[in-house]
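Okay, model_0.cif now, which holds mmCIF, C-alpha atoms and all ligand atoms:
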data_input
loop_
_atom_site.label_atom_id
_atom_site.label_comp_id
_atom_site.auth_asym_id
_atom_site.auth_seq_id
_atom_site.Cartn_x
_atom_site.Cartn_y
_atom_site.Cartn_z
CA MET K 1 -141.64 65.26 166.46
CA THR K 2 -139.37 62.29 167.19
CA VAL K 3 -139.72 60.77 170.63
CA TYR K 4 -136.96 58.20 170.97
CA LEU K 5 -137.68 55.88 173.89
CA ASP K 6 -135.63 52.88 172.78
CA ASN K 7 -132.34 53.70 174.47
CA ALA K 8 -131.81 50.17 175.78
CA SER K 9 -131.57 49.08 172.13
CA THR K 10 -129.19 51.82 171.15
CA THR K 11 -128.57 55.49 171.83
CA LYS K 12 -127.92 58.58 169.75
CA PRO K 13 -124.16 59.16 169.67
CA CYS K 14 -123.22 62.34 171.51
CA LYS K 15 -121.49 65.19 169.69
CA GLU K 16 -118.18 64.54 171.44
CA SER K 17 -118.20 60.90 170.39
CA ALA K 18 -119.05 61.73 166.77
CA GLU K 19 -116.28 64.35 166.68
CA ALA K 20 -113.72 61.90 168.03
CA VAL K 21 -114.76 59.36 165.37
CA MET K 22 -114.45 61.99 162.65
CA LEU K 23 -111.02 63.08 163.81
CA ALA K 24 -109.71 59.53 163.73
CA LEU K 25 -111.30 58.93 160.31
CA THR K 26 -109.93 62.03 158.65
CA GLU K 27 -106.64 62.75 160.40
CA ASN K 28 -105.54 60.12 162.87
CA TYR K 29 -106.00 57.19 160.47
CA GLY K 30 -102.76 55.31 161.09
CA ASN K 31 -102.59 51.68 162.14
CA PRO K 32 -101.68 51.43 165.85
CA SER K 33 -99.29 48.57 164.98
CA SER K 34 -97.25 50.70 162.54
CA LEU K 35 -93.87 51.74 163.84
CA HIS K 36 -93.97 55.31 162.48
CA LYS K 37 -95.45 58.47 163.97
CA MET K 38 -98.91 57.98 162.48
CA GLY K 39 -99.06 54.53 164.02
CA LEU K 40 -97.95 55.92 167.35
CA ASN K 41 -100.62 58.64 167.24
CA ALA K 42 -103.31 56.05 166.53
CA GLN K 43 -102.00 53.93 169.43
CA LEU K 44 -102.14 57.01 171.67
CA ALA K 45 -105.81 57.55 170.77
CA VAL K 46 -106.60 53.91 171.62
CA ASP K 47 -104.70 54.14 174.90
CA SER K 48 -106.38 57.39 175.85
CA ALA K 49 -109.82 55.77 175.35
CA ARG K 50 -108.63 52.75 177.35
CA LYS K 51 -107.66 55.06 180.20
CA SER K 52 -111.04 56.86 180.16
CA ILE K 53 -112.98 53.59 180.31
CA ALA K 54 -110.69 52.20 183.01
CA THR K 55 -111.10 55.34 185.11
CA ALA K 56 -114.89 55.10 184.82
CA LEU K 57 -114.78 51.43 185.85
CA GLY K 58 -112.28 52.11 188.62
CA CYS K 59 -109.55 49.84 187.29
CA GLU K 60 -106.15 50.04 185.65
CA ALA K 61 -106.02 50.77 181.92
CA GLU K 62 -104.24 47.48 181.22
CA CYS K 63 -107.38 45.56 182.32
CA ILE K 64 -109.45 46.94 179.41
CA TYR K 65 -109.47 45.06 176.08
CA PHE K 66 -111.37 46.47 173.10
CA THR K 67 -113.79 44.32 171.10
CA SER K 68 -116.45 44.87 168.44
CA GLY K 69 -119.21 45.11 171.05
CA ALA K 70 -120.70 43.29 173.99
CA THR K 71 -121.77 40.30 171.91
CA GLU K 72 -118.11 39.64 171.23
CA SER K 73 -117.09 40.53 174.80
CA ASN K 74 -119.58 38.00 176.17
CA ASN K 75 -118.43 35.30 173.75
CA LEU K 76 -114.78 36.03 174.51
CA ALA K 77 -115.34 36.07 178.26
CA ILE K 78 -117.31 32.82 178.39
CA ARG K 79 -115.54 30.77 175.74
CA GLY K 80 -112.16 32.19 176.73
CA ALA K 81 -112.68 31.42 180.42
CA VAL K 82 -113.88 27.83 180.00
CA SER K 83 -111.12 27.09 177.54
CA ALA K 84 -108.48 28.47 179.93
CA HIS K 85 -109.84 26.17 182.65
CA GLY K 86 -109.12 23.21 180.40
CA ARG K 87 -111.13 20.04 180.58
CA ARG K 88 -111.03 19.63 184.35
CA ASN K 89 -114.00 21.75 185.40
CA LYS K 90 -117.10 21.25 183.32
CA LYS K 91 -119.89 23.03 185.17
CA ILE K 92 -121.13 26.55 184.40
CA ILE K 93 -123.69 28.54 186.39
CA VAL K 94 -125.70 31.25 184.63
CA SER K 95 -128.87 33.24 185.22
CA ALA K 96 -131.86 32.20 183.10
CA VAL K 97 -132.51 35.78 181.94
CA GLU K 98 -129.30 36.57 180.06
CA HIS K 99 -129.00 38.30 176.71
CA ALA K 100 -128.80 35.93 173.72
CA SER K 101 -125.05 36.58 173.40
CA VAL K 102 -124.66 34.82 176.75
CA SER K 103 -127.55 32.33 176.69
CA GLU K 104 -126.81 31.03 173.19
CA THR K 105 -123.11 30.75 173.98
CA MET K 106 -124.14 28.61 176.94
CA ASP K 107 -126.34 26.45 174.68
CA SER K 108 -123.40 25.88 172.40
CA LEU K 109 -121.10 24.91 175.30
CA GLU K 110 -123.79 22.56 176.57
CA ASN K 111 -123.73 20.86 173.18
CA GLN K 112 -119.98 20.48 173.59
CA GLY K 113 -120.45 18.59 176.86
CA TYR K 114 -120.44 21.27 179.54
CA GLU K 115 -123.01 21.10 182.31
CA VAL K 116 -124.89 24.40 182.27
CA VAL K 117 -127.03 25.21 185.31
CA ARG K 118 -129.54 28.01 184.65
CA ILE K 119 -130.89 29.80 187.70
CA SER K 120 -134.41 31.27 187.52
CA PRO K 121 -135.93 33.98 189.68
CA LYS K 122 -138.72 33.02 192.07
CA ASN K 123 -141.78 35.28 192.00
CA GLY K 124 -139.74 37.75 189.96
CA VAL K 125 -136.82 37.87 192.41
CA PHE K 126 -133.41 36.21 192.27
CA ASP K 127 -132.17 34.54 195.42
CA ALA K 128 -128.38 34.83 195.66
CA GLY K 129 -128.33 31.54 197.57
CA ASP K 130 -129.69 29.66 194.53
CA PHE K 131 -126.50 30.54 192.61
CA VAL K 132 -124.12 30.04 195.52
CA ARG K 133 -125.49 26.59 196.40
CA GLU K 134 -124.74 25.34 192.89
CA ALA K 135 -121.06 26.34 193.01
CA ASP K 136 -118.64 23.46 193.59
CA GLU K 137 -115.13 22.19 192.82
CA ASN K 138 -116.28 21.17 189.35
CA THR K 139 -117.52 24.65 188.40
CA CYS K 140 -115.36 26.75 186.07
CA LEU K 141 -117.52 29.82 185.45
CA ILE K 142 -120.45 31.81 186.76
CA SER K 143 -122.05 34.42 184.52
CA MET K 144 -124.70 36.96 185.56
CA MET K 145 -125.85 40.20 184.01
CA LEU K 146 -126.13 43.25 186.26
CA VAL K 147 -129.25 44.83 184.73
CA ASN K 148 -131.72 42.89 182.64
CA ASN K 149 -132.15 44.57 179.26
CA GLU K 150 -135.86 43.77 178.93
CA THR K 151 -137.21 44.64 182.37
CA GLY K 152 -134.50 46.56 184.24
CA HIS K 153 -134.31 43.96 187.05
CA ILE K 154 -131.03 44.29 188.95
CA LEU K 155 -129.42 40.94 189.74
CA PRO K 156 -127.56 40.29 193.04
CA VAL K 157 -124.20 40.02 191.25
CA LYS K 158 -121.99 41.39 194.00
CA GLU K 159 -123.53 39.17 196.67
CA VAL K 160 -123.27 36.02 194.55
CA PHE K 161 -119.73 36.66 193.28
CA SER K 162 -118.29 37.43 196.70
CA ALA K 163 -119.88 34.34 198.28
CA VAL K 164 -118.77 32.08 195.42
CA LYS K 165 -115.20 33.45 195.41
CA ARG K 166 -114.87 33.02 199.17
CA ARG K 167 -115.51 29.30 198.89
CA PHE K 168 -114.18 28.56 195.41
CA PRO K 169 -111.54 31.08 194.30
CA HIS K 170 -110.87 29.05 191.13
CA ILE K 171 -114.32 29.87 189.68
CA ILE K 172 -114.17 32.70 187.13
CA THR K 173 -116.91 35.31 187.58
CA HIS K 174 -118.33 37.17 184.55
CA CYS K 175 -120.80 40.03 184.47
CA ASP K 176 -122.58 41.40 181.40
CA CYS K 177 -122.70 45.01 182.50
CA VAL K 178 -124.04 46.53 179.28
CA GLN K 179 -127.19 48.06 180.78
CA GLY K 180 -125.47 49.14 183.98
CA PHE K 181 -122.22 50.77 182.90
CA MET K 182 -122.38 54.59 183.07
CA LYS K 183 -125.97 54.33 184.31
CA LEU K 184 -125.55 52.88 187.79
CA LEU K 185 -122.45 53.47 189.90
CA VAL K 186 -120.55 50.38 188.78
CA LYS K 187 -116.95 49.75 189.80
CA ALA K 188 -115.01 46.64 188.89
CA SER K 189 -113.88 46.13 192.48
CA SER K 190 -117.33 46.46 194.02
CA LEU K 191 -118.88 44.02 191.52
CA GLY K 192 -116.22 41.46 192.36
CA ALA K 193 -116.17 40.22 188.77
CA ASP K 194 -113.13 38.76 187.01
CA LEU K 195 -114.60 39.66 183.62
CA ILE K 196 -116.98 42.52 182.72
CA SER K 197 -118.58 43.10 179.32
CA LEU K 198 -119.29 46.64 178.09
CA SER K 199 -120.82 48.10 174.94
CA GLY K 200 -120.32 51.54 173.41
CA HIS K 201 -123.59 52.14 171.64
CA LYS K 202 -125.74 51.88 174.76
CA ILE K 203 -124.01 54.90 176.24
CA HIS K 204 -124.12 57.44 173.42
CA ALA K 205 -121.06 56.15 171.57
CA VAL K 206 -121.13 54.46 168.17
CA LYS K 207 -122.12 50.91 167.27
CA GLY K 208 -119.52 48.23 166.69
CA VAL K 209 -117.27 48.80 169.68
CA GLY K 210 -117.18 47.34 173.17
CA ALA K 211 -114.74 46.23 175.78
CA LEU K 212 -113.96 43.39 178.11
CA TYR K 213 -112.49 44.06 181.54
CA ILE K 214 -110.15 41.28 182.61
CA LYS K 215 -109.01 41.41 186.20
CA LYS K 216 -105.25 41.33 186.66
CA GLY K 217 -104.03 37.77 187.10
CA VAL K 218 -107.13 36.19 185.49
CA ARG K 219 -106.27 34.17 182.42
CA ILE K 220 -108.61 33.57 179.50
CA ASN K 221 -107.82 32.22 176.05
CA PRO K 222 -108.48 34.29 172.93
CA ILE K 223 -111.20 33.16 170.54
CA ILE K 224 -109.69 34.95 167.52
CA SER K 225 -106.13 34.32 166.42
CA GLY K 226 -104.09 36.74 164.36
CA GLY K 227 -101.76 39.69 164.80
CA LYS K 228 -101.80 39.67 168.62
CA GLN K 229 -103.36 43.10 169.09
CA GLU K 230 -104.79 43.77 172.55
CA LYS K 231 -102.00 41.66 174.06
CA GLY K 232 -103.11 38.69 172.00
CA ILE K 233 -106.54 38.56 173.65
CA ARG K 234 -108.30 40.14 170.67
CA SER K 235 -106.40 40.04 167.41
CA GLY K 236 -107.41 42.29 164.53
CA THR K 237 -106.51 45.89 163.71
CA GLU K 238 -108.13 48.11 166.32
CA SER K 239 -111.00 50.29 165.10
CA VAL K 240 -109.36 53.52 166.18
CA PRO K 241 -112.33 55.75 165.22
CA LEU K 242 -114.90 53.67 167.12
CA ILE K 243 -112.62 53.19 170.11
CA ALA K 244 -111.85 56.93 170.26
CA GLY K 245 -115.60 57.65 170.06
CA PHE K 246 -116.27 55.17 172.89
CA GLY K 247 -113.64 56.87 175.06
CA SER K 248 -115.07 60.34 174.40
CA ALA K 249 -118.62 59.28 175.29
CA VAL K 250 -117.40 57.74 178.55
CA GLU K 251 -115.39 60.86 179.41
CA LYS K 252 -118.42 63.01 178.80
CA LEU K 253 -120.77 60.90 180.94
CA ALA K 254 -118.37 59.99 183.74
CA SER K 255 -119.00 62.99 185.96
CA THR K 256 -122.81 62.82 185.73
CA ILE K 257 -123.68 59.21 186.60
CA ALA K 258 -125.40 60.08 189.90
CA GLN K 259 -127.14 63.11 188.42
CA ARG K 260 -128.44 61.19 185.40
CA TYR K 261 -129.57 58.30 187.62
CA GLU K 262 -131.54 60.75 189.74
CA ARG K 263 -133.08 62.25 186.61
CA ALA K 264 -133.98 58.81 185.18
CA TYR K 265 -135.53 57.93 188.55
CA GLU K 266 -137.73 61.04 188.41
CA LEU K 267 -138.71 60.32 184.82
CA LYS K 268 -139.62 56.72 185.67
CA ALA K 269 -141.77 57.91 188.58
CA PHE K 270 -143.40 60.49 186.31
CA LEU K 271 -144.17 57.86 183.68
CA LEU K 272 -145.52 55.32 186.18
CA ASP K 273 -147.74 57.97 187.69
CA LYS K 274 -149.22 58.83 184.28
CA LEU K 275 -149.64 55.15 183.41
CA SER K 276 -151.39 54.38 186.68
CA GLY K 277 -154.48 56.09 185.30
CA ILE K 278 -154.81 53.59 182.43
CA GLU K 279 -156.77 50.51 183.42
CA GLU K 280 -155.32 48.25 180.69
CA VAL K 281 -151.69 48.86 181.69
CA THR K 282 -149.69 46.59 183.97
CA VAL K 283 -146.04 47.23 184.84
CA ASN K 284 -143.59 44.33 184.40
CA SER K 285 -140.54 46.14 185.79
CA PRO K 286 -139.81 46.05 189.51
CA ALA K 287 -139.96 49.22 191.61
CA ASP K 288 -136.33 48.73 192.62
CA GLY K 289 -135.03 48.03 189.10
CA SER K 290 -132.93 50.27 186.88
CA PRO K 291 -134.84 53.52 186.35
CA TYR K 292 -133.71 53.51 182.72
CA ILE K 293 -135.93 50.59 181.65
CA ILE K 294 -139.70 50.37 182.08
CA ASN K 295 -141.51 47.34 180.70
CA ILE K 296 -145.30 47.42 180.52
CA SER K 297 -148.15 45.39 179.08
CA MET K 298 -151.36 46.94 177.74
CA GLN K 299 -153.65 44.19 176.43
CA ARG K 300 -152.96 45.00 172.77
CA ARG K 301 -150.44 43.15 170.62
CA SER K 302 -146.97 44.67 171.02
CA GLU K 303 -146.14 44.97 167.30
CA ILE K 304 -149.46 46.64 166.47
CA MET K 305 -149.03 49.16 169.29
CA LEU K 306 -145.37 49.67 168.40
CA HIS K 307 -146.29 50.63 164.85
CA TYR K 308 -149.21 52.77 166.02
CA LEU K 309 -146.82 54.73 168.22
CA GLU K 310 -144.28 54.88 165.40
CA GLN K 311 -146.85 56.58 163.17
CA ASN K 312 -146.91 59.28 165.83
CA GLY K 313 -143.11 59.62 165.89
CA ILE K 314 -142.66 57.55 169.06
CA TYR K 315 -140.08 54.76 169.10
CA VAL K 316 -140.22 52.01 171.71
CA SER K 317 -139.37 48.33 171.68
CA SER K 318 -141.53 45.23 171.95
CA GLY K 319 -138.77 43.41 173.82
CA SER K 320 -135.09 43.05 173.20
CA ALA K 321 -134.33 44.77 169.88
CA CYS K 322 -131.64 42.19 169.17
CA SER K 323 -134.27 39.49 168.75
CA LYS K 324 -136.23 41.60 166.25
CA GLY K 325 -139.29 41.52 168.45
CA ALA K 326 -139.22 37.76 168.97
CA GLN K 327 -139.94 36.75 172.55
CA SER K 328 -136.89 35.63 174.46
CA GLY K 329 -138.64 33.95 177.37
CA VAL K 330 -137.17 36.47 179.81
CA LEU K 331 -140.55 37.97 180.71
CA ALA K 332 -141.91 34.48 181.45
CA GLN K 333 -138.91 33.92 183.74
CA PHE K 334 -139.95 37.02 185.65
CA GLY K 335 -143.48 35.67 186.03
CA VAL K 336 -145.20 37.58 183.21
CA ASN K 337 -147.97 35.46 181.67
CA GLN K 338 -148.16 34.74 177.94
CA LYS K 339 -150.95 37.25 177.29
CA ASP K 340 -149.01 40.06 178.95
CA SER K 341 -145.81 38.99 177.18
CA ASP K 342 -147.64 39.30 173.85
CA SER K 343 -148.52 42.89 174.67
CA ALA K 344 -145.23 43.97 176.29
CA LEU K 345 -143.60 47.26 175.43
CA ARG K 346 -140.22 48.44 176.65
CA VAL K 347 -139.73 52.15 177.22
CA SER K 348 -136.09 53.04 177.81
CA ILE K 349 -134.87 56.41 178.93
CA GLY K 350 -131.83 58.23 177.57
CA CYS K 351 -129.86 61.38 178.37
CA GLU K 352 -132.22 63.56 176.36
CA THR K 353 -135.60 62.15 177.47
CA THR K 354 -138.04 64.73 178.85
CA GLU K 355 -141.31 64.71 180.79
CA ALA K 356 -143.06 66.23 177.78
CA GLU K 357 -141.97 63.29 175.64
CA LEU K 358 -143.23 60.78 178.19
CA GLU K 359 -146.52 62.66 178.45
CA PHE K 360 -146.89 62.52 174.67
CA PHE K 361 -146.12 58.80 174.76
CA VAL K 362 -148.84 58.18 177.37
CA GLU K 363 -151.34 60.25 175.40
CA LYS K 364 -150.69 58.24 172.22
CA LEU K 365 -150.66 54.95 174.14
CA LYS K 366 -154.13 55.75 175.47
CA GLU K 367 -155.28 56.63 171.98
CA GLY K 368 -153.79 53.37 170.70
CA ILE K 369 -155.57 51.33 173.34
CA GLU K 370 -158.86 52.91 172.25
CA ASN K 371 -158.20 52.38 168.54
CA ILE K 372 -156.65 48.92 168.51
CA ARG K 373 -158.96 45.99 169.08
CA THR K 374 -157.87 43.33 171.57
N1 LIG K 401 -125.88 42.33 176.64
C1 LIG K 401 -126.95 43.08 176.90
C2 LIG K 401 -127.55 43.06 178.27
C3 LIG K 401 -127.48 43.90 175.91
O1 LIG K 401 -128.57 44.65 176.18
C4 LIG K 401 -126.90 43.90 174.63
C5 LIG K 401 -127.47 44.73 173.50
N2 LIG K 401 -128.85 44.58 173.32
C6 LIG K 401 -125.77 43.10 174.41
C7 LIG K 401 -125.29 42.32 175.44
C8 LIG K 401 -125.08 43.06 173.08
O2 LIG K 401 -124.36 44.24 172.87
P1 LIG K 401 -123.80 44.67 171.44
O3 LIG K 401 -124.95 45.24 170.70
O4 LIG K 401 -122.74 45.69 171.76
O5 LIG K 401 -123.24 43.45 170.80
#
Spit out the file's structure as structure tokens when you get a sec.
Amino acid sequence: MTVYLDNASTTKPCKESAEAVMLALTENYGNPSSLHKMGLNAQLAVDSARKSIATALGCEAECIYFTSGATESNNLAIRGAVSAHGRRNKKIIVSAVEHASVSETMDSLENQGYEVVRISPKNGVFDAGDFVREADENTCLISMMLVNNETGHILPVKEVFSAVKRRFPHIITHCDCVQGFMKLLVKASSLGADLISLSGHKIHAVKGVGALYIKKGVRINPIISGGKQEKGIRSGTESVPLIAGFGSAVEKLASTIAQRYERAYELKAFLLDKLSGIEEVTVNSPADGSPYIINISMQRRSEIMLHYLEQNGIYVSSGSACSKGAQSGVLAQFGVNQKDSDSALRVSIGCETTEAELEFFVEKLKEGIENIRT
């Protein structure tokens, strides 16, 4: 039996997405830039996916730009925005719990002379005022994720962005929405973001494709030069198969966001109830976080427990998969002590997760706690 509980790392592509990929690989394999019919058909497939993603995000299709994934979207958004601002505004505000594709981009800009202000939560909670108070004439960008990928914390993005924009309309607002898109009801207009990063493989599409939403009228500079695809914002021949697969997954999920949220909420409650009977377990995720991500600690080293569970066909994560298990410091930011960080496990729910799977996970976790020495 395979119990896949690592959906925040990546998801199983849905049938519709895989079929769309296959169709573009085997039949619709033209280059969208070619002037003949096969090129046009490929362009139509890209535009159809663009429309599906735009509809889900509640924006116009022309605001969606395809990339190779959210790592690229985040780099493009941040580097592209500060470069478009020129050398006048040198301050950037960012949360201290961002994914490495944001935090390391910030480190690199800091090395180039930007002032990067990192805002930490207090007692596990972000205060919108802490971000807003930092904003000033000299600020060019503010970047905040919607849902933290390690703990499921939801950041006060909307509140911060609207307050910042009211006082300083020149500040570009960016949101890494990877763990929120198609899971929470996220609309571009309600987030109030100028730039939104999305990834395909977290929502049952394939790996290697993502998108950046750019609000109409907002100007960013490209970070890749070349053939001027995607209106010059992201040069390089479009990956028609991956883009078509992304569009199909979004189309499939679009009508069930509320239903799936409800289901994830029930599953989280079910899991927490089962875990409450295990003395060694503490929960690092907040009650009001995303129901799709549950981070726990259990007084046994994460990697040892992870492999114990794996031997039983259960797949979870010891943190952010992108860092290959290395600690990112995000748990410490949320007030988790070192000992609990060393024993953290992330369980992340997907479309196909069932109560029976979670029950099996808890049973094997208990067994692991008994068998693994502290
Ligand atoms: N941001 C967040 C919050 C993520 O969880 C991830 C993936 N772990 C990324 C960005 C990077 O996405 P991708 O794998 O598409 O580059």
**Among the residues K:Ala205, K:Ile119, K:Ala24, K:Leu109, the one that comes closest to K:Val97 [using only C-alpha atoms]** =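 Of all the options, K:Ile119 lies closest to K:Val97.
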**Request:** Determine the nearest neighbour of K:Asn7 from the options K:His307, K:His201, K:Gly289, K:Ser343, counting all atoms listed in the file.
**Result:**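 Among the listed residues, the smallest separation from K:Asn7 belongs to K:His201.
All residues, whether protein, DNA or RNA, that have an atom at most 7 Å from ligand LIG 401 (chain K) (counting all atoms listed in the file) are Ala8, Ser9, Gly69, Ala70, Thr71, Glu72, Glu98, His99, Ser101, Met145, Val147, Asn148, Asn149, Asp176, Cys177, Val178, Gln179, Ser199, Gly200, His201, Lys207, Gly208, Val209, Gly210, Ser320, Ala321 and Cys322 of chain K.
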**Request:** Name the closest residue to K:Val283 among the candidates K:Ile224, K:Ile314, K:Met298, K:Met106; distances are taken between atoms, counting only C-alpha atoms.
**Result:**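 Closest residue, counting only C-alpha atoms: K:Met298.
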**Asked** Within 10 Å of K:Asn138, counting all atoms listed in the file, which residues qualify if same-chain residues fewer than 5 places away don't, as a VMD selection string?
**Response** chain K and resid 88 to 92 115 168 170 to 171
